[in-house]
$ cat entry.pdb   # PDB, C-alpha atoms
ATOM      1  CA  MET F   1       1.769 -10.388 -10.881
ATOM      2  CA  SER F   2       4.886 -11.966  -9.533
ATOM      3  CA  ASN F   3       6.381 -10.940  -6.254
ATOM      4  CA  GLN F   4      10.085 -11.261  -6.679
ATOM      5  CA  GLU F   5      12.513 -10.210  -4.046
ATOM      6  CA  SER F   6      15.992  -9.084  -4.879
ATOM      7  CA  GLN F   7      19.051  -8.534  -2.768
ATOM      8  CA  ASN F   8      21.012  -5.410  -3.574
ATOM      9  CA  PRO F   9      23.127  -2.708  -1.924
ATOM     10  CA  PHE F  10      20.032  -0.970  -0.607
ATOM     11  CA  HIS F  11      18.757  -4.088   1.133
ATOM     12  CA  THR F  12      17.437  -3.307   4.593
ATOM     13  CA  ASP F  13      16.552  -5.565   7.474
ATOM     14  CA  VAL F  14      12.841  -4.939   6.998
ATOM     15  CA  THR F  15      12.115  -8.111   5.065
ATOM     16  CA  ASP F  16      14.321 -10.085   7.446
ATOM     17  CA  SER F  17      12.258  -8.953  10.382
ATOM     18  CA  LEU F  18       9.074  -9.713   8.465
ATOM     19  CA  ALA F  19      10.204 -13.292   8.087
ATOM     20  CA  ILE F  20      10.059 -13.735  11.851
ATOM     21  CA  SER F  21       6.641 -15.046  12.630
ATOM     22  CA  THR F  22       5.159 -17.551  14.987
ATOM     23  CA  GLU F  23       2.392 -20.066  14.559
ATOM     24  CA  THR F  24       0.795 -18.975  17.790
ATOM     25  CA  PHE F  25       1.177 -15.358  18.705
ATOM     26  CA  ASN F  26      -1.228 -15.241  21.579
ATOM     27  CA  SER F  27       0.004 -12.392  23.703
ATOM     28  CA  PRO F  28       2.519 -10.155  21.978
ATOM     29  CA  SER F  29       4.558  -7.919  24.236
ATOM     30  CA  LEU F  30       4.425  -4.128  24.006
ATOM     31  CA  VAL F  31       7.650  -4.140  21.990
ATOM     32  CA  GLU F  32       6.237  -6.760  19.617
ATOM     33  CA  ILE F  33       3.017  -4.752  19.217
ATOM     34  CA  GLN F  34       5.023  -1.632  18.364
ATOM     35  CA  GLU F  35       6.995  -3.625  15.788
ATOM     36  CA  LEU F  36       3.785  -5.006  14.253
ATOM     37  CA  GLU F  37       2.340  -1.473  14.120
ATOM     38  CA  ARG F  38       5.434  -0.413  12.190
ATOM     39  CA  GLN F  39       5.240  -3.389   9.839
ATOM     40  CA  VAL F  40       1.515  -3.069   9.157
ATOM     41  CA  GLU F  41       2.174   0.306   7.511
ATOM     42  CA  TYR F  42       4.307  -1.380   4.824
ATOM     43  CA  ILE F  43       1.608  -3.967   4.249
ATOM     44  CA  VAL F  44      -1.122  -1.351   3.852
ATOM     45  CA  ASP F  45       1.151   0.600   1.464
ATOM     46  CA  ASP F  46       1.748  -2.584  -0.523
ATOM     47  CA  CYS F  47      -1.993  -3.151  -0.878
ATOM     48  CA  PHE F  48      -2.659   0.452  -1.924
ATOM     49  CA  PHE F  49       0.054   0.090  -4.555
ATOM     50  CA  THR F  50      -1.573  -3.095  -5.886
ATOM     51  CA  VAL F  51      -5.062  -1.578  -5.946
ATOM     52  CA  GLY F  52      -3.597   1.405  -7.827
ATOM     53  CA  GLN F  53      -1.912  -0.942 -10.320
ATOM     54  CA  VAL F  54      -5.198  -2.631 -11.131
ATOM     55  CA  VAL F  55      -7.278   0.549 -11.243
ATOM     56  CA  GLY F  56      -4.625   2.036 -13.522
ATOM     57  CA  MET F  57      -5.648   5.123 -15.409
ATOM     58  CA  ARG F  58      -9.291   4.013 -15.750
ATOM     59  CA  THR F  59     -10.318   6.251 -12.874
ATOM     60  CA  THR F  60      -8.918   7.719  -9.674
ATOM     61  CA  VAL F  61      -9.827   7.590  -6.004
ATOM     62  CA  ASP F  62     -11.355  10.144  -3.637
ATOM     63  CA  TYR F  63      -9.336  10.921  -0.521
ATOM     64  CA  ASP F  64     -12.325   9.901   1.641
ATOM     65  CA  ALA F  65     -12.155   6.444   0.088
ATOM     66  CA  VAL F  66      -8.415   6.256   0.849
ATOM     67  CA  ILE F  67      -9.148   7.148   4.468
ATOM     68  CA  TRP F  68     -11.906   4.555   4.704
ATOM     69  CA  TRP F  69      -9.862   1.739   3.136
ATOM     70  CA  ARG F  70      -6.831   2.521   5.289
ATOM     71  CA  ASP F  71      -8.803   2.620   8.561
ATOM     72  CA  HIS F  72     -10.688  -0.537   7.635
ATOM     73  CA  TYR F  73      -7.785  -2.708   6.495
ATOM     74  CA  ARG F  74      -5.114  -1.457   8.885
ATOM     75  CA  GLU F  75      -7.313  -2.573  11.762
ATOM     76  CA  LYS F  76      -7.981  -5.979  10.190
ATOM     77  CA  PHE F  77      -4.373  -6.577   9.208
ATOM     78  CA  LEU F  78      -3.113  -5.595  12.637
ATOM     79  CA  ALA F  79      -5.635  -7.922  14.305
ATOM     80  CA  ALA F  80      -4.515 -10.785  12.052
ATOM     81  CA  MET F  81      -0.864 -10.043  12.830
ATOM     82  CA  MET F  82      -1.544  -9.880  16.571
ATOM     83  CA  ALA F  83      -3.105 -13.329  16.351
ATOM     84  CA  PHE F  84      -0.777 -15.093  13.928
ATOM     85  CA  GLY F  85       2.365 -12.972  13.768
ATOM     86  CA  ASN F  86       3.517 -11.346  10.576
ATOM     87  CA  ARG F  87       3.086 -13.854   7.749
ATOM     88  CA  TRP F  88       3.095 -11.208   5.019
ATOM     89  CA  MET F  89       5.988 -12.606   3.019
ATOM     90  CA  GLN F  90       4.243 -16.008   2.862
ATOM     91  CA  ASP F  91       0.773 -14.569   2.227
ATOM     92  CA  ARG F  92       1.625 -11.544   0.064
ATOM     93  CA  SER F  93       0.776 -13.196  -3.220
ATOM     94  CA  ASN F  94      -2.649 -14.398  -2.020
ATOM     95  CA  VAL F  95      -3.564 -11.108  -0.392
ATOM     96  CA  THR F  96      -2.527  -9.002  -3.369
ATOM     97  CA  THR F  97      -4.712 -11.263  -5.500
ATOM     98  CA  VAL F  98      -7.590 -10.248  -3.233
ATOM     99  CA  ALA F  99      -6.519  -6.606  -3.645
ATOM    100  CA  ILE F 100      -6.906  -7.077  -7.398
ATOM    101  CA  MET F 101     -10.488  -8.158  -6.807
ATOM    102  CA  LEU F 102     -11.059  -5.170  -4.511
ATOM    103  CA  ALA F 103      -9.837  -2.821  -7.238
ATOM    104  CA  GLU F 104     -12.007  -4.379  -9.935
ATOM    105  CA  ARG F 105     -15.097  -4.209  -7.734
ATOM    106  CA  ALA F 106     -14.342  -0.590  -6.813
ATOM    107  CA  VAL F 107     -13.971   0.382 -10.475
ATOM    108  CA  ARG F 108     -17.265  -1.318 -11.197
ATOM    109  CA  TYR F 109     -19.074   0.450  -8.345
ATOM    110  CA  SER F 110     -17.646   3.797  -9.439
ATOM    111  CA  ASP F 111     -19.069   3.426 -12.933
ATOM    112  CA  GLY F 112     -20.577   6.753 -13.928
ATOM    113  CA  LYS F 113     -18.774   8.637 -11.149
ATOM    114  CA  SER F 114     -15.707  10.832 -11.455
ATOM    115  CA  ALA F 115     -13.691   8.664  -9.051
ATOM    116  CA  ILE F 116     -13.893   5.762  -6.621
ATOM    117  CA  ASP F 117     -15.792   7.356  -3.769
ATOM    118  CA  VAL F 118     -16.214   6.094  -0.234
ATOM    119  CA  GLU F 119     -19.478   4.359  -1.092
ATOM    120  CA  ALA F 120     -17.834   2.395  -3.917
ATOM    121  CA  ALA F 121     -14.865   1.611  -1.663
ATOM    122  CA  ARG F 122     -17.166   0.263   1.059
ATOM    123  CA  LYS F 123     -19.233  -1.836  -1.342
ATOM    124  CA  ALA F 124     -16.107  -3.301  -2.938
ATOM    125  CA  ALA F 125     -14.683  -4.176   0.479
ATOM    126  CA  ALA F 126     -17.950  -5.873   1.463
ATOM    127  CA  ASP F 127     -17.901  -7.971  -1.740
ATOM    128  CA  VAL F 128     -14.302  -9.004  -1.199
ATOM    129  CA  GLU F 129     -14.861  -9.944   2.423
ATOM    130  CA  ARG F 130     -17.931 -11.999   1.492
ATOM    131  CA  HIS F 131     -15.839 -13.780  -1.113
ATOM    132  CA  CYS F 132     -13.052 -14.451   1.395
ATOM    133  CA  GLU F 133     -15.468 -15.838   3.971
ATOM    134  CA  LEU F 134     -17.152 -18.125   1.437
ATOM    135  CA  HIS F 135     -13.779 -19.263   0.168
ATOM    136  CA  ALA F 136     -12.651 -20.027   3.697
ATOM    137  CA  ARG F 137     -15.796 -22.046   4.412
ATOM    138  CA  ARG F 138     -15.476 -24.015   1.156
ATOM    139  CA  ALA F 139     -11.814 -24.708   1.855
ATOM    140  CA  ALA F 140     -12.690 -25.845   5.369
ATOM    141  CA  ARG F 141     -15.354 -28.220   4.050
ATOM    142  CA  ARG F 142     -12.938 -29.655   1.484
ATOM    143  CA  GLN F 143     -10.490 -30.346   4.271
ATOM    144  CA  GLY F 144     -13.151 -31.986   6.389
ATOM    145  CA  HIS F 145     -13.415 -29.248   8.986
ATOM    146  CA  ASP F 146     -16.637 -27.885  10.407
ATOM    147  CA  ALA F 147     -17.195 -24.605   8.555
ATOM    148  CA  SER F 148     -17.759 -22.833  11.831
ATOM    149  CA  ASP F 149     -14.435 -24.049  13.181
ATOM    150  CA  ALA F 150     -12.221 -21.330  14.622
ATOM    151  CA  ALA F 151      -9.439 -22.431  12.284
ATOM    152  CA  VAL F 152     -11.408 -21.382   9.204
ATOM    153  CA  PRO F 153     -10.078 -17.838   9.003
ATOM    154  CA  ARG F 154      -6.556 -19.217   8.804
ATOM    155  CA  ILE F 155      -7.335 -21.242   5.689
ATOM    156  CA  ALA F 156      -8.019 -18.291   3.447
ATOM    157  CA  GLY F 157      -8.635 -14.631   3.663
ATOM    158  CA  TYR F 158      -7.885 -14.094   7.326
ATOM    159  CA  TRP F 159      -6.101 -10.877   6.496
ATOM    160  CA  CYS F 160      -9.362  -9.253   5.438
ATOM    161  CA  THR F 161     -11.923 -11.162   7.460
ATOM    162  CA  PHE F 162     -10.284 -11.165  10.867
TER     163      PHE F 162
ATOM    164  CA  MET L   1      -5.643  15.353  12.142
ATOM    165  CA  THR L   2      -2.110  16.323  13.057
ATOM    166  CA  PRO L   3       0.559  16.034  10.332
ATOM    167  CA  VAL L   4       1.936  12.905  12.011
ATOM    168  CA  GLN L   5      -1.510  11.278  11.897
ATOM    169  CA  GLU L   6      -2.349  12.445   8.395
ATOM    170  CA  VAL L   7       0.941  11.547   6.755
ATOM    171  CA  ASP L   8       0.105   7.826   6.742
ATOM    172  CA  TYR L   9      -3.112   8.463   4.783
ATOM    173  CA  ILE L  10      -1.183  10.671   2.383
ATOM    174  CA  LEU L  11       1.437   7.982   1.828
ATOM    175  CA  ASN L  12      -1.309   5.437   1.097
ATOM    176  CA  ASP L  13      -2.794   7.891  -1.405
ATOM    177  CA  CYS L  14       0.606   8.250  -3.045
ATOM    178  CA  PHE L  15       1.300   4.502  -3.189
ATOM    179  CA  PHE L  16      -2.032   4.169  -4.988
ATOM    180  CA  ALA L  17      -0.954   6.845  -7.483
ATOM    181  CA  VAL L  18       2.441   5.214  -8.089
ATOM    182  CA  GLY L  19       0.692   1.891  -8.676
ATOM    183  CA  GLN L  20      -1.660   3.508 -11.189
ATOM    184  CA  ALA L  21       1.274   4.532 -13.353
ATOM    185  CA  VAL L  22       3.148   1.241 -12.976
ATOM    186  CA  GLY L  23       0.108  -0.769 -13.981
ATOM    187  CA  THR L  24       0.160  -4.544 -14.046
ATOM    188  CA  GLN L  25       3.194  -4.932 -16.304
ATOM    189  CA  LYS L  26       5.600  -5.162 -13.384
ATOM    190  CA  SER L  27       5.529  -6.024  -9.722
ATOM    191  CA  LEU L  28       7.210  -4.146  -6.904
ATOM    192  CA  ASP L  29       9.870  -5.699  -4.691
ATOM    193  CA  PHE L  30       8.668  -5.455  -1.136
ATOM    194  CA  ASP L  31      11.848  -3.822   0.151
ATOM    195  CA  VAL L  32      11.122  -0.779  -2.028
ATOM    196  CA  ILE L  33       8.089   0.011   0.134
ATOM    197  CA  PRO L  34       9.909   0.825   3.407
ATOM    198  CA  TRP L  35      12.522   2.736   1.433
ATOM    199  CA  TRP L  36       9.984   4.949  -0.353
ATOM    200  CA  ARG L  37       7.864   5.258   2.812
ATOM    201  CA  ALA L  38      10.738   6.454   4.981
ATOM    202  CA  ARG L  39      11.939   8.868   2.323
ATOM    203  CA  TYR L  40       8.625  10.518   1.493
ATOM    204  CA  ARG L  41       7.256  10.426   5.014
ATOM    205  CA  ALA L  42      10.141  12.679   6.025
ATOM    206  CA  PHE L  43       9.643  15.006   3.035
ATOM    207  CA  PHE L  44       5.889  15.229   3.551
ATOM    208  CA  LEU L  45       6.143  15.848   7.275
ATOM    209  CA  HIS L  46       8.630  18.608   6.620
ATOM    210  CA  ALA L  47       6.316  20.193   4.048
ATOM    211  CA  MET L  48       3.295  19.923   6.342
ATOM    212  CA  SER L  49       4.996  21.020   9.537
ATOM    213  CA  ALA L  50       7.387  23.683   8.311
ATOM    214  CA  ASN L  51       5.312  25.180   5.533
ATOM    215  CA  GLY L  52       1.790  24.358   6.649
ATOM    216  CA  ASN L  53       1.024  22.609   3.393
ATOM    217  CA  SER L  54      -2.498  21.321   3.002
ATOM    218  CA  TRP L  55      -2.967  17.891   1.488
ATOM    219  CA  LEU L  56      -6.418  18.626   0.098
ATOM    220  CA  ARG L  57      -5.051  21.701  -1.660
ATOM    221  CA  ASP L  58      -1.883  20.014  -2.923
ATOM    222  CA  ARG L  59      -3.188  16.496  -3.480
ATOM    223  CA  HIS L  60      -3.824  16.861  -7.196
ATOM    224  CA  ARG L  61      -0.256  18.020  -7.886
ATOM    225  CA  VAL L  62       1.472  15.596  -5.523
ATOM    226  CA  THR L  63      -0.371  12.513  -6.735
ATOM    227  CA  ALA L  64       0.533  13.572 -10.273
ATOM    228  CA  VAL L  65       4.160  13.516  -9.115
ATOM    229  CA  GLY L  66       3.464  10.077  -7.619
ATOM    230  CA  ARG L  67       2.315   8.878 -11.021
ATOM    231  CA  PHE L  68       5.463  10.379 -12.556
ATOM    232  CA  LEU L  69       7.506   8.430  -9.984
ATOM    233  CA  GLY L  70       5.764   5.256 -11.138
ATOM    234  CA  GLN L  71       6.477   6.064 -14.781
ATOM    235  CA  ARG L  72      10.170   6.670 -14.075
ATOM    236  CA  ALA L  73      10.420   3.446 -12.040
ATOM    237  CA  LEU L  74       8.839   1.582 -14.924
ATOM    238  CA  HIS L  75      11.316   3.185 -17.315
ATOM    239  CA  HIS L  76      14.364   2.355 -15.194
ATOM    240  CA  ALA L  77      13.186  -1.208 -14.622
ATOM    241  CA  GLY L  78      13.524  -1.834 -18.366
ATOM    242  CA  ASP L  79      13.222  -5.562 -19.006
ATOM    243  CA  GLN L  80      13.302  -6.520 -15.329
ATOM    244  CA  PRO L  81      10.104  -8.211 -14.141
ATOM    245  CA  SER L  82       9.922  -6.055 -11.035
ATOM    246  CA  ILE L  83      10.848  -2.649  -9.679
ATOM    247  CA  ASP L  84      13.728  -3.109  -7.258
ATOM    248  CA  LEU L  85      15.474  -0.690  -4.917
ATOM    249  CA  ARG L  86      17.999   0.411  -7.527
ATOM    250  CA  THR L  87      15.308   1.404 -10.013
ATOM    251  CA  ALA L  88      13.179   2.964  -7.272
ATOM    252  CA  ALA L  89      16.124   5.122  -6.195
ATOM    253  CA  LEU L  90      16.807   6.186  -9.791
ATOM    254  CA  ALA L  91      13.151   7.116 -10.220
ATOM    255  CA  SER L  92      13.175   9.096  -6.971
ATOM    256  CA  ASN L  93      16.253  10.954  -8.127
ATOM    257  CA  ASP L  94      14.558  11.886 -11.421
ATOM    258  CA  VAL L  95      11.418  13.084  -9.685
ATOM    259  CA  GLU L  96      13.186  15.013  -6.942
ATOM    260  CA  THR L  97      15.430  16.736  -9.475
ATOM    261  CA  GLY L  98      12.326  17.862 -11.326
ATOM    262  CA  CYS L  99      10.677  18.969  -8.087
ATOM    263  CA  ARG L 100      13.718  20.995  -7.021
ATOM    264  CA  MET L 101      13.789  22.784 -10.372
ATOM    265  CA  SER L 102      10.079  23.460 -10.159
ATOM    266  CA  ALA L 103      10.358  24.738  -6.579
ATOM    267  CA  GLU L 104      13.241  27.036  -7.515
ATOM    268  CA  ARG L 105      11.206  28.462 -10.369
ATOM    269  CA  GLU L 106       8.369  29.114  -7.938
ATOM    270  CA  GLY L 107      10.722  30.723  -5.435
ATOM    271  CA  VAL L 108      10.293  28.105  -2.715
ATOM    272  CA  SER L 109      13.282  28.370  -0.416
ATOM    273  CA  THR L 110      13.503  24.795   0.820
ATOM    274  CA  PRO L 111      12.570  22.615  -2.106
ATOM    275  CA  LYS L 112      11.303  19.173  -1.236
ATOM    276  CA  ALA L 113       9.718  16.424  -3.266
ATOM    277  CA  SER L 114       6.315  17.165  -1.837
ATOM    278  CA  GLN L 115       6.398  20.724  -3.102
ATOM    279  CA  SER L 116       6.449  19.883  -6.768
TER     280      SER L 116
END

$ encode --input "entry.pdb" --output "structure tokens"
Amino acid sequence: MSNQESQNPFHTDVTDSLAISTETFNSPSLVEIQELERQVEYIVDDCFFTVGQVVGMRTTVDYDAVIWWRDHYREKFLAAMMAFGNRWMQDRSNVTTVAIMLAERAVRYSDGKSAIDVEAARKAAADVERHCELHARRAARRQGHDASDAAVPRIAGYWCTF
Amino acid sequence: MTPVQEVDYILNDCFFAVGQAVGTQKSLDFDVIPWWRARYRAFFLHAMSANGNSWLRDRHRVTAVGRFLGQRALHHAGDQPSIDLRTAALASNDVETGCRMSAEREGVSTPKASQS
């Protein structure tokens, strides 16, 4: 899926503010934290939309699973943003690719059930996070870093492994 | 949960439903997300606060409307590779018109999108 952005009469300053990020975001101020808390909602929405796209009309999702996924990923995304700033516009394509994997795993775990339940949602999230961690370690090794290096999460998947 | 706490979960549920109907044929421009979020957050909060609507009771109907929103966005996007703000607004207009008509038929005095 492509992620094209268009400018039009409805354009708001949201994406402009998202573009503001810092390499080191060690101690965000209260105002910055409030802004990140506002922005993380759009990111979580974006991921739910993508998971819905991939699930399609094959099945649906239980509300408990929605609650679990939201609580789980909002916390992780916010932690990543507190550490690195909001890099969503740069990372959106990679993270939505991971959301595609999450959806496929959830559909698989819900096989034989009426919907994706919280158990399937949890199992799918665990698979995806394992994949992200392995990918990060492999990428670190390729680049000659120690796989336990603190920089590893930044190489891949830090949005869902932070 | 209070309505203000629950509305974020409800919006996530609805974004999932919209995505289901859009499928993988088209992407969504990111600036549509804050626009839809702000719009439906206000509608949903009104429905929950003023009318005491229950998400678990209404979820089936509202997520169906979410899927209809996705279908209309897909329709208005035509040959475009993604759903932009213009097509999102057209889709919202279609859906809200339908919801208003439905609410009037049901005798709801303050029709809102969330009361489809």

$ resolve_selection --input "entry.pdb" --expression "the PyMOL selection byres ((chain L and resi 28-32) around 6)" --output "compact mmCIF listing (two decimals) with C-alpha atoms, in the frame of the given file"
# COMPACT_ATOMS: atom_id res chain seq x y z
CA GLN F 4 10.09 -11.26 -6.68
CA GLU F 5 12.51 -10.21 -4.05
CA SER L 27 5.53 -6.02 -9.72
CA ILE L 33 8.09 0.01 0.13
CA PRO L 34 9.91 0.82 3.41
CA TRP L 35 12.52 2.74 1.43
CA SER L 82 9.92 -6.06 -11.04
CA ILE L 83 10.85 -2.65 -9.68
CA ASP L 84 13.73 -3.11 -7.26
CA LEU L 85 15.47 -0.69 -4.92

$ atom_distance --input "entry.pdb" --atom1 "atom CA of F:Ala139" --atom2 "atom CA of F:Ser27"
27.7 Å

$ residues_around --input "entry.pdb" --residues "L:Tyr9" --least-positions-apart "5" --cutoff "8 Å" --atoms "only C-alpha atoms" --output "PDB file with C-alpha atoms, in the coordinates of the input"
ATOM      1  CA  VAL F  66      -8.415   6.256   0.849  1.00  0.00           C
ATOM      2  CA  ILE F  67      -9.148   7.148   4.468  1.00  0.00           C
ATOM      3  CA  ARG F  70      -6.831   2.521   5.289  1.00  0.00           C
TER       4      ARG F  70
END

$ atom_distance --input "entry.pdb" --atom1 "atom CA of F:Ala121" --atom2 "atom CA of F:Ala106"
5.6 Å

$ interface_residues --input "entry.pdb" --of "chain L" --to "chain F" --cutoff "6 Å" --atoms "only C-alpha atoms" --output "PDB file with C-alpha atoms, keeping the file's coordinate frame"
ATOM      1  CA  ASN L  12      -1.309   5.437   1.097  1.00  0.00           C
ATOM      2  CA  PHE L  15       1.300   4.502  -3.189  1.00  0.00           C
ATOM      3  CA  PHE L  16      -2.032   4.169  -4.988  1.00  0.00           C
ATOM      4  CA  GLY L  19       0.692   1.891  -8.676  1.00  0.00           C
ATOM      5  CA  GLN L  20      -1.660   3.508 -11.189  1.00  0.00           C
ATOM      6  CA  GLY L  23       0.108  -0.769 -13.981  1.00  0.00           C
ATOM      7  CA  THR L  24       0.160  -4.544 -14.046  1.00  0.00           C
ATOM      8  CA  SER L  27       5.529  -6.024  -9.722  1.00  0.00           C
ATOM      9  CA  ASP L  29       9.870  -5.699  -4.691  1.00  0.00           C
TER      10      ASP L  29
END

$ axis_aligned_box --input "entry.pdb" --around "stretch 95-106 of chain L" --padding-each-side "5 Å" --output "lines of an AutoDock Vina configuration file"
center_x = 11.9
center_y = 21.1
center_z = -9.0
size_x = 17.1
size_y = 26.0
size_z = 14.7

$ atom_distance --input "entry.pdb" --atom1 "atom CA of L:Leu90" --atom2 "atom CA of L:Leu74"
10.5 Å
